[in-house]
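Enquirer: Okay, so here is structure-v6.cif, and as you'll see once you scroll down, it has mmCIF, N, CA and C atoms.
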```cif
data_query
#
loop_
_atom_site.label_atom_id
_atom_site.label_comp_id
_atom_site.auth_asym_id
_atom_site.auth_seq_id
_atom_site.Cartn_x
_atom_site.Cartn_y
_atom_site.Cartn_z
N MET A 1 66.93 74.45 125.82
CA MET A 1 67.70 74.00 124.69
C MET A 1 68.70 75.10 124.30
N PRO A 2 70.00 74.82 124.25
CA PRO A 2 70.98 75.85 123.87
C PRO A 2 70.88 76.17 122.38
N SER A 3 71.24 77.41 122.06
CA SER A 3 71.19 77.83 120.66
C SER A 3 72.45 77.38 119.93
N ALA A 4 72.39 77.46 118.59
CA ALA A 4 73.53 77.05 117.77
C ALA A 4 74.74 77.95 117.99
N LEU A 5 74.53 79.20 118.38
CA LEU A 5 75.63 80.13 118.61
C LEU A 5 76.01 80.25 120.08
N ASN A 6 75.49 79.37 120.90
CA ASN A 6 75.78 79.33 122.33
C ASN A 6 75.24 80.52 123.11
N PHE A 7 74.10 81.07 122.68
CA PHE A 7 73.43 82.06 123.50
C PHE A 7 72.80 81.33 124.68
N PRO A 8 72.74 81.97 125.85
CA PRO A 8 72.11 81.32 127.01
C PRO A 8 70.62 81.05 126.73
N SER A 9 70.11 79.94 127.27
CA SER A 9 68.71 79.57 127.07
C SER A 9 67.76 80.49 127.82
N ASN A 10 68.15 80.96 129.01
CA ASN A 10 67.31 81.82 129.82
C ASN A 10 68.06 83.09 130.20
N PRO A 11 68.28 84.00 129.24
CA PRO A 11 69.07 85.20 129.53
C PRO A 11 68.30 86.19 130.41
N THR A 12 69.06 87.01 131.09
CA THR A 12 68.45 88.08 131.87
C THR A 12 68.51 89.37 131.06
N ASN A 13 67.60 90.29 131.32
CA ASN A 13 67.55 91.54 130.58
C ASN A 13 68.88 92.29 130.72
N GLY A 14 69.47 92.68 129.58
CA GLY A 14 70.73 93.40 129.58
C GLY A 14 71.95 92.49 129.56
N GLN A 15 71.76 91.19 129.65
CA GLN A 15 72.89 90.26 129.64
C GLN A 15 73.62 90.36 128.30
N GLN A 16 74.96 90.30 128.35
CA GLN A 16 75.77 90.40 127.15
C GLN A 16 76.53 89.11 126.91
N VAL A 17 76.67 88.78 125.61
CA VAL A 17 77.42 87.59 125.20
C VAL A 17 78.31 88.01 124.03
N THR A 18 79.58 87.61 124.09
CA THR A 18 80.49 87.91 122.99
C THR A 18 80.74 86.63 122.20
N ILE A 19 80.51 86.73 120.90
CA ILE A 19 80.77 85.61 119.98
C ILE A 19 81.68 86.15 118.90
N GLY A 20 82.87 85.60 118.82
CA GLY A 20 83.85 86.13 117.88
C GLY A 20 84.23 87.54 118.29
N SER A 21 84.07 88.48 117.38
CA SER A 21 84.42 89.87 117.68
C SER A 21 83.19 90.74 117.92
N ARG A 22 82.02 90.12 118.01
CA ARG A 22 80.79 90.89 118.22
C ARG A 22 80.21 90.60 119.60
N THR A 23 79.67 91.65 120.19
CA THR A 23 79.00 91.51 121.47
C THR A 23 77.51 91.72 121.26
N PHE A 24 76.70 90.81 121.80
CA PHE A 24 75.25 90.88 121.70
C PHE A 24 74.67 91.13 123.08
N ALA A 25 73.52 91.81 123.11
CA ALA A 25 72.84 92.08 124.39
C ALA A 25 71.39 91.62 124.28
N TRP A 26 70.89 91.02 125.37
CA TRP A 26 69.50 90.56 125.42
C TRP A 26 68.64 91.74 125.87
N ASN A 27 67.61 92.12 125.05
CA ASN A 27 66.78 93.27 125.40
C ASN A 27 65.45 92.86 126.04
N GLY A 28 65.35 91.61 126.43
CA GLY A 28 64.12 91.11 127.04
C GLY A 28 63.28 90.33 126.05
N THR A 29 63.55 90.52 124.75
CA THR A 29 62.80 89.82 123.70
C THR A 29 63.73 89.10 122.72
N VAL A 30 64.76 89.82 122.24
CA VAL A 30 65.69 89.27 121.25
C VAL A 30 67.12 89.68 121.57
N TRP A 31 68.08 88.97 120.97
CA TRP A 31 69.48 89.35 121.07
C TRP A 31 69.75 90.41 120.01
N THR A 32 70.37 91.51 120.40
CA THR A 32 70.71 92.57 119.46
C THR A 32 72.23 92.77 119.48
N ILE A 33 72.76 93.26 118.36
CA ILE A 33 74.20 93.54 118.34
C ILE A 33 74.46 94.76 119.22
N TYR A 34 75.31 94.58 120.19
CA TYR A 34 75.65 95.64 121.13
C TYR A 34 76.88 96.40 120.65
N SER A 35 77.86 95.66 120.09
CA SER A 35 79.05 96.32 119.57
C SER A 35 79.73 95.42 118.55
N THR A 36 80.41 96.07 117.63
CA THR A 36 81.23 95.37 116.64
C THR A 36 82.55 96.10 116.56
N PRO A 37 83.59 95.43 116.13
CA PRO A 37 84.87 96.12 116.03
C PRO A 37 84.81 97.19 114.95
N GLU A 38 85.52 98.28 115.18
CA GLU A 38 85.55 99.35 114.19
C GLU A 38 86.44 98.95 113.02
N ALA A 39 85.97 99.23 111.83
CA ALA A 39 86.77 98.97 110.63
C ALA A 39 87.85 100.04 110.53
N PRO A 40 89.02 99.67 110.02
CA PRO A 40 90.05 100.68 109.86
C PRO A 40 89.61 101.73 108.85
N VAL A 41 90.00 102.95 109.07
CA VAL A 41 89.65 104.04 108.17
C VAL A 41 90.75 104.17 107.13
N ILE A 42 90.37 104.04 105.87
CA ILE A 42 91.32 104.17 104.76
C ILE A 42 90.86 105.36 103.93
N THR A 43 91.76 106.27 103.68
CA THR A 43 91.39 107.46 102.91
C THR A 43 91.32 107.13 101.42
N GLN A 44 90.63 107.97 100.68
CA GLN A 44 90.54 107.81 99.23
C GLN A 44 91.93 107.88 98.61
N GLU A 45 92.76 108.77 99.11
CA GLU A 45 94.11 108.91 98.56
C GLU A 45 94.92 107.63 98.80
N GLU A 46 94.77 107.00 99.97
CA GLU A 46 95.50 105.76 100.23
C GLU A 46 95.06 104.65 99.27
N ILE A 47 93.77 104.62 98.98
CA ILE A 47 93.26 103.63 98.03
C ILE A 47 93.83 103.89 96.64
N GLN A 48 93.81 105.14 96.21
CA GLN A 48 94.33 105.49 94.89
C GLN A 48 95.83 105.20 94.80
N ASP A 49 96.58 105.51 95.85
CA ASP A 49 98.01 105.25 95.85
C ASP A 49 98.29 103.74 95.76
N PHE A 50 97.42 102.94 96.33
CA PHE A 50 97.57 101.49 96.29
C PHE A 50 97.23 100.94 94.90
N ILE A 51 96.18 101.46 94.28
CA ILE A 51 95.68 100.94 93.01
C ILE A 51 96.53 101.38 91.82
N ALA A 52 97.02 102.60 91.82
CA ALA A 52 97.74 103.14 90.65
C ALA A 52 98.84 102.23 90.13
N PRO A 53 99.71 101.65 90.99
CA PRO A 53 100.77 100.78 90.45
C PRO A 53 100.25 99.54 89.73
N LEU A 54 99.03 99.12 90.02
CA LEU A 54 98.48 97.94 89.35
C LEU A 54 98.34 98.17 87.86
N PHE A 55 98.15 99.41 87.45
CA PHE A 55 97.99 99.72 86.04
C PHE A 55 99.34 99.76 85.31
N GLU A 56 100.43 99.71 86.05
CA GLU A 56 101.74 99.76 85.43
C GLU A 56 102.42 98.39 85.47
N HIS A 57 101.65 97.34 85.64
CA HIS A 57 102.16 95.97 85.66
C HIS A 57 102.86 95.69 84.33
N SER A 58 103.86 94.86 84.36
CA SER A 58 104.66 94.62 83.16
C SER A 58 103.85 94.11 81.98
N THR A 59 102.76 93.40 82.21
CA THR A 59 101.96 92.92 81.08
C THR A 59 101.04 94.01 80.55
N HIS A 60 100.99 95.13 81.23
CA HIS A 60 100.17 96.26 80.79
C HIS A 60 101.05 97.49 80.62
N SER A 61 102.16 97.33 79.93
CA SER A 61 103.11 98.43 79.83
C SER A 61 102.59 99.60 78.99
N ASN A 62 101.49 99.39 78.27
CA ASN A 62 100.94 100.48 77.47
C ASN A 62 99.91 101.30 78.25
N ILE A 63 99.71 100.98 79.52
CA ILE A 63 98.77 101.72 80.35
C ILE A 63 99.54 102.39 81.48
N THR A 64 99.32 103.69 81.65
CA THR A 64 99.95 104.39 82.77
C THR A 64 98.87 105.04 83.62
N ALA A 65 99.15 105.15 84.88
CA ALA A 65 98.24 105.80 85.81
C ALA A 65 99.03 106.85 86.57
N VAL A 66 98.53 108.06 86.55
CA VAL A 66 99.18 109.16 87.26
C VAL A 66 98.19 109.71 88.27
N TYR A 67 98.63 109.83 89.50
CA TYR A 67 97.77 110.37 90.54
C TYR A 67 97.83 111.90 90.51
N ASP A 68 96.68 112.53 90.39
CA ASP A 68 96.57 113.99 90.35
C ASP A 68 96.15 114.47 91.73
N ASP A 69 97.14 114.87 92.55
CA ASP A 69 96.86 115.32 93.91
C ASP A 69 95.94 116.53 93.95
N ASP A 70 96.12 117.46 93.01
CA ASP A 70 95.33 118.68 93.02
C ASP A 70 93.83 118.41 92.87
N ASN A 71 93.50 117.41 92.03
CA ASN A 71 92.09 117.09 91.78
C ASN A 71 91.65 115.79 92.44
N ASN A 72 92.56 115.15 93.19
CA ASN A 72 92.26 113.94 93.93
C ASN A 72 91.68 112.85 93.04
N LYS A 73 92.43 112.48 91.98
CA LYS A 73 91.96 111.44 91.07
C LYS A 73 93.14 110.78 90.38
N ILE A 74 92.86 109.64 89.76
CA ILE A 74 93.85 108.94 88.96
C ILE A 74 93.53 109.21 87.50
N VAL A 75 94.55 109.58 86.72
CA VAL A 75 94.40 109.81 85.28
C VAL A 75 95.03 108.62 84.58
N LEU A 76 94.22 107.88 83.81
CA LEU A 76 94.71 106.72 83.08
C LEU A 76 94.98 107.09 81.63
N THR A 77 96.09 106.60 81.10
CA THR A 77 96.41 106.80 79.69
C THR A 77 96.83 105.46 79.12
N ALA A 78 96.24 105.10 77.97
CA ALA A 78 96.61 103.86 77.27
C ALA A 78 97.16 104.22 75.90
N GLU A 79 98.28 103.61 75.55
CA GLU A 79 98.90 103.90 74.25
C GLU A 79 98.95 102.63 73.41
N GLU A 80 98.67 102.78 72.13
CA GLU A 80 98.75 101.67 71.20
C GLU A 80 99.14 102.21 69.84
N ALA A 81 100.26 101.81 69.34
CA ALA A 81 100.74 102.20 68.02
C ALA A 81 100.66 103.71 67.78
N GLY A 82 101.12 104.48 68.74
CA GLY A 82 101.15 105.92 68.58
C GLY A 82 99.89 106.65 69.00
N SER A 83 98.79 105.95 69.15
CA SER A 83 97.55 106.59 69.61
C SER A 83 97.46 106.48 71.12
N THR A 84 96.69 107.36 71.72
CA THR A 84 96.48 107.29 73.16
C THR A 84 95.00 107.36 73.48
N VAL A 85 94.66 106.80 74.62
CA VAL A 85 93.31 106.93 75.18
C VAL A 85 93.50 107.55 76.55
N THR A 86 92.86 108.68 76.78
CA THR A 86 93.01 109.39 78.04
C THR A 86 91.67 109.55 78.71
N VAL A 87 91.63 109.30 80.01
CA VAL A 87 90.44 109.55 80.81
C VAL A 87 90.78 110.68 81.75
N ALA A 88 90.14 111.83 81.55
CA ALA A 88 90.43 113.01 82.36
C ALA A 88 89.32 114.04 82.18
N ALA A 89 89.29 115.03 83.05
CA ALA A 89 88.29 116.09 82.97
C ALA A 89 88.62 117.10 81.89
N THR A 90 89.89 117.20 81.51
CA THR A 90 90.30 118.16 80.48
C THR A 90 91.00 117.42 79.35
N ALA A 91 90.91 117.99 78.17
CA ALA A 91 91.52 117.37 76.98
C ALA A 91 93.04 117.32 77.11
N PRO A 92 93.66 116.27 76.59
CA PRO A 92 95.11 116.17 76.63
C PRO A 92 95.76 117.32 75.84
N THR A 93 96.95 117.72 76.27
CA THR A 93 97.68 118.75 75.54
C THR A 93 98.50 118.08 74.45
N SER A 94 98.72 118.76 73.36
CA SER A 94 99.50 118.27 72.22
C SER A 94 99.02 116.93 71.68
N PRO A 95 97.71 116.81 71.39
CA PRO A 95 97.23 115.54 70.85
C PRO A 95 97.65 115.35 69.40
N VAL A 96 97.62 114.10 68.95
CA VAL A 96 97.86 113.80 67.54
C VAL A 96 96.60 113.14 66.99
N GLU A 97 96.44 113.19 65.69
CA GLU A 97 95.24 112.65 65.06
C GLU A 97 95.07 111.18 65.47
N GLY A 98 93.83 110.84 65.85
CA GLY A 98 93.51 109.48 66.27
C GLY A 98 93.49 109.29 67.77
N ASN A 99 94.00 110.27 68.53
CA ASN A 99 93.94 110.15 69.99
C ASN A 99 92.50 110.14 70.45
N ILE A 100 92.24 109.41 71.52
CA ILE A 100 90.89 109.30 72.09
C ILE A 100 90.92 109.89 73.49
N TRP A 101 89.89 110.64 73.82
CA TRP A 101 89.78 111.25 75.14
C TRP A 101 88.37 111.02 75.67
N TYR A 102 88.28 110.44 76.88
CA TYR A 102 87.00 110.30 77.57
C TYR A 102 86.93 111.41 78.60
N ASN A 103 85.99 112.33 78.42
CA ASN A 103 85.82 113.44 79.35
C ASN A 103 85.08 112.92 80.58
N SER A 104 85.81 112.74 81.66
CA SER A 104 85.24 112.14 82.87
C SER A 104 84.28 113.06 83.60
N THR A 105 84.27 114.33 83.27
CA THR A 105 83.32 115.26 83.89
C THR A 105 81.94 115.14 83.28
N ILE A 106 81.89 115.06 81.97
CA ILE A 106 80.58 115.02 81.29
C ILE A 106 80.22 113.63 80.78
N GLY A 107 81.16 112.68 80.88
CA GLY A 107 80.89 111.31 80.48
C GLY A 107 80.74 111.11 78.98
N LYS A 108 81.57 111.81 78.19
CA LYS A 108 81.49 111.68 76.73
C LYS A 108 82.86 111.34 76.16
N LEU A 109 82.83 110.64 75.01
CA LEU A 109 84.04 110.20 74.33
C LEU A 109 84.31 111.07 73.11
N PHE A 110 85.60 111.43 72.91
CA PHE A 110 85.99 112.28 71.79
C PHE A 110 87.18 111.64 71.07
N ILE A 111 87.32 111.94 69.79
CA ILE A 111 88.48 111.54 69.00
C ILE A 111 89.05 112.79 68.36
N TYR A 112 90.39 112.85 68.29
CA TYR A 112 91.04 114.04 67.76
C TYR A 112 91.24 113.90 66.26
N TYR A 113 90.68 114.85 65.49
CA TYR A 113 90.80 114.89 64.03
C TYR A 113 91.60 116.13 63.62
N GLY A 114 92.89 116.00 63.55
CA GLY A 114 93.75 117.10 63.07
C GLY A 114 93.79 118.32 63.92
N THR A 115 92.66 119.06 64.05
CA THR A 115 92.67 120.31 64.82
C THR A 115 91.57 120.38 65.85
N VAL A 116 90.66 119.41 65.88
CA VAL A 116 89.52 119.48 66.79
C VAL A 116 89.26 118.13 67.47
N TRP A 117 88.65 118.22 68.66
CA TRP A 117 88.15 117.03 69.34
C TRP A 117 86.71 116.84 68.90
N ALA A 118 86.38 115.72 68.26
CA ALA A 118 85.03 115.46 67.79
C ALA A 118 84.37 114.41 68.68
N GLU A 119 83.15 114.70 69.11
CA GLU A 119 82.42 113.76 69.95
C GLU A 119 82.08 112.50 69.15
N VAL A 120 82.30 111.35 69.77
CA VAL A 120 82.02 110.07 69.12
C VAL A 120 80.57 109.70 69.36
#
```
Please go through the file and, once you have read it, give me the structure as structure tokens.

Expert:
Amino acid sequence: MPSALNFPSNPTNGQQVTIGSRTFAWNGTVWTIYSTPEAPVITQEEIQDFIAPLFEHSTHSNITAVYDDDNNKIVLTAEEAGSTVTVAATAPTSPVEGNIWYNSTIGKLFIYYGTVWAEV
């Protein structure tokens, strides 16, 4: 009786069958995957370069994404009525009262009160 995937009914040991892009081999008991196509290698930087413009879509004009090559990361900033929300390892420079900063290194949220960053 033939199988649903068209494997031979009486295979010989070591026999190979290709279905789609995969090659299977009979080991005397079961069919095993012998080879599969290699997936393309995409670097983290290529992924970040692709994703960053999505944050600057016209309906999200208050969100900017800047790629930080030195630290290999994307820094997101959201602005609303003069306030900003920043996700980064270091506090933003020249903050104004009400700015929010998420410290991505330690995973904590801060708000700027006049002269200090206070943990929320």

Enquirer: Do you know which residues the PyMOL selection byres ((chain A and resi 105) around 6) returns on this file, as JSON, numbers by chain?

Expert: {"A": [88, 89, 103, 104, 106, 107]}

Enquirer: From the options A:Arg22, A:Trp117, A:Trp31, A:Asp49, which residue's atoms come nearest to A:Thr90, counting only C-alpha atoms?

Expert: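 Between A:Arg22, A:Trp117, A:Trp31, A:Asp49, the residue approaching A:Thr90 most closely is A:Trp117.
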
Enquirer: Do you have the atom N of A:Thr23-atom CA of A:Thr43 distance handy?

Expert: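 Taking atom N of A:Thr23 as the start and atom CA of A:Thr43 as the end point, the length is 26.2 Å.
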
Enquirer: Give as a ChimeraX atom specification the residues that the PyMOL selection byres (((chain A and resi 17 and name CA) around 10) and name CA) matches when applied to the coordinates above.

Expert: /A:6-8,11,14-16,18-20,22-26,31,33-34

Enquirer: Rank nothing, just name the residue among A:Val96, A:Tyr102, A:Val30, A:Val41 nearest to A:Gly114, using only C-alpha atoms.

Expert: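 Result for the nearest residue to A:Gly114: A:Val96.
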
Enquirer: Which residue, A:Ser83, A:Asn27, A:Asn71, A:Ser21, has the smallest gap to A:Glu45 when you use only C-alpha atoms?

Expert: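 Closest candidate: A:Asn71.
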
Enquirer: Would you compute the distance between atom CA of A:Thr29 and atom CA of A:Ser9? Give it in Å to one decimal.

Expert: 12.3 Å

Enquirer: Evaluate the PyMOL selection byres ((chain A and resi 119) around 7) on the structure here and hand back the selected residues as a list of chain:residue names.

Expert: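 Here the PyMOL selection byres ((chain A and resi 119) around 7) matches A:Lys108, A:Leu109, A:Phe110, A:Ile111, A:Trp117, A:Ala118, A:Val120.
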
Enquirer: Between atom CA of A:Ile42 and atom CA of A:Ile74, what is the distance, to one decimal in Å?

Expert: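 Distance between the two atoms: 16.7 Å.
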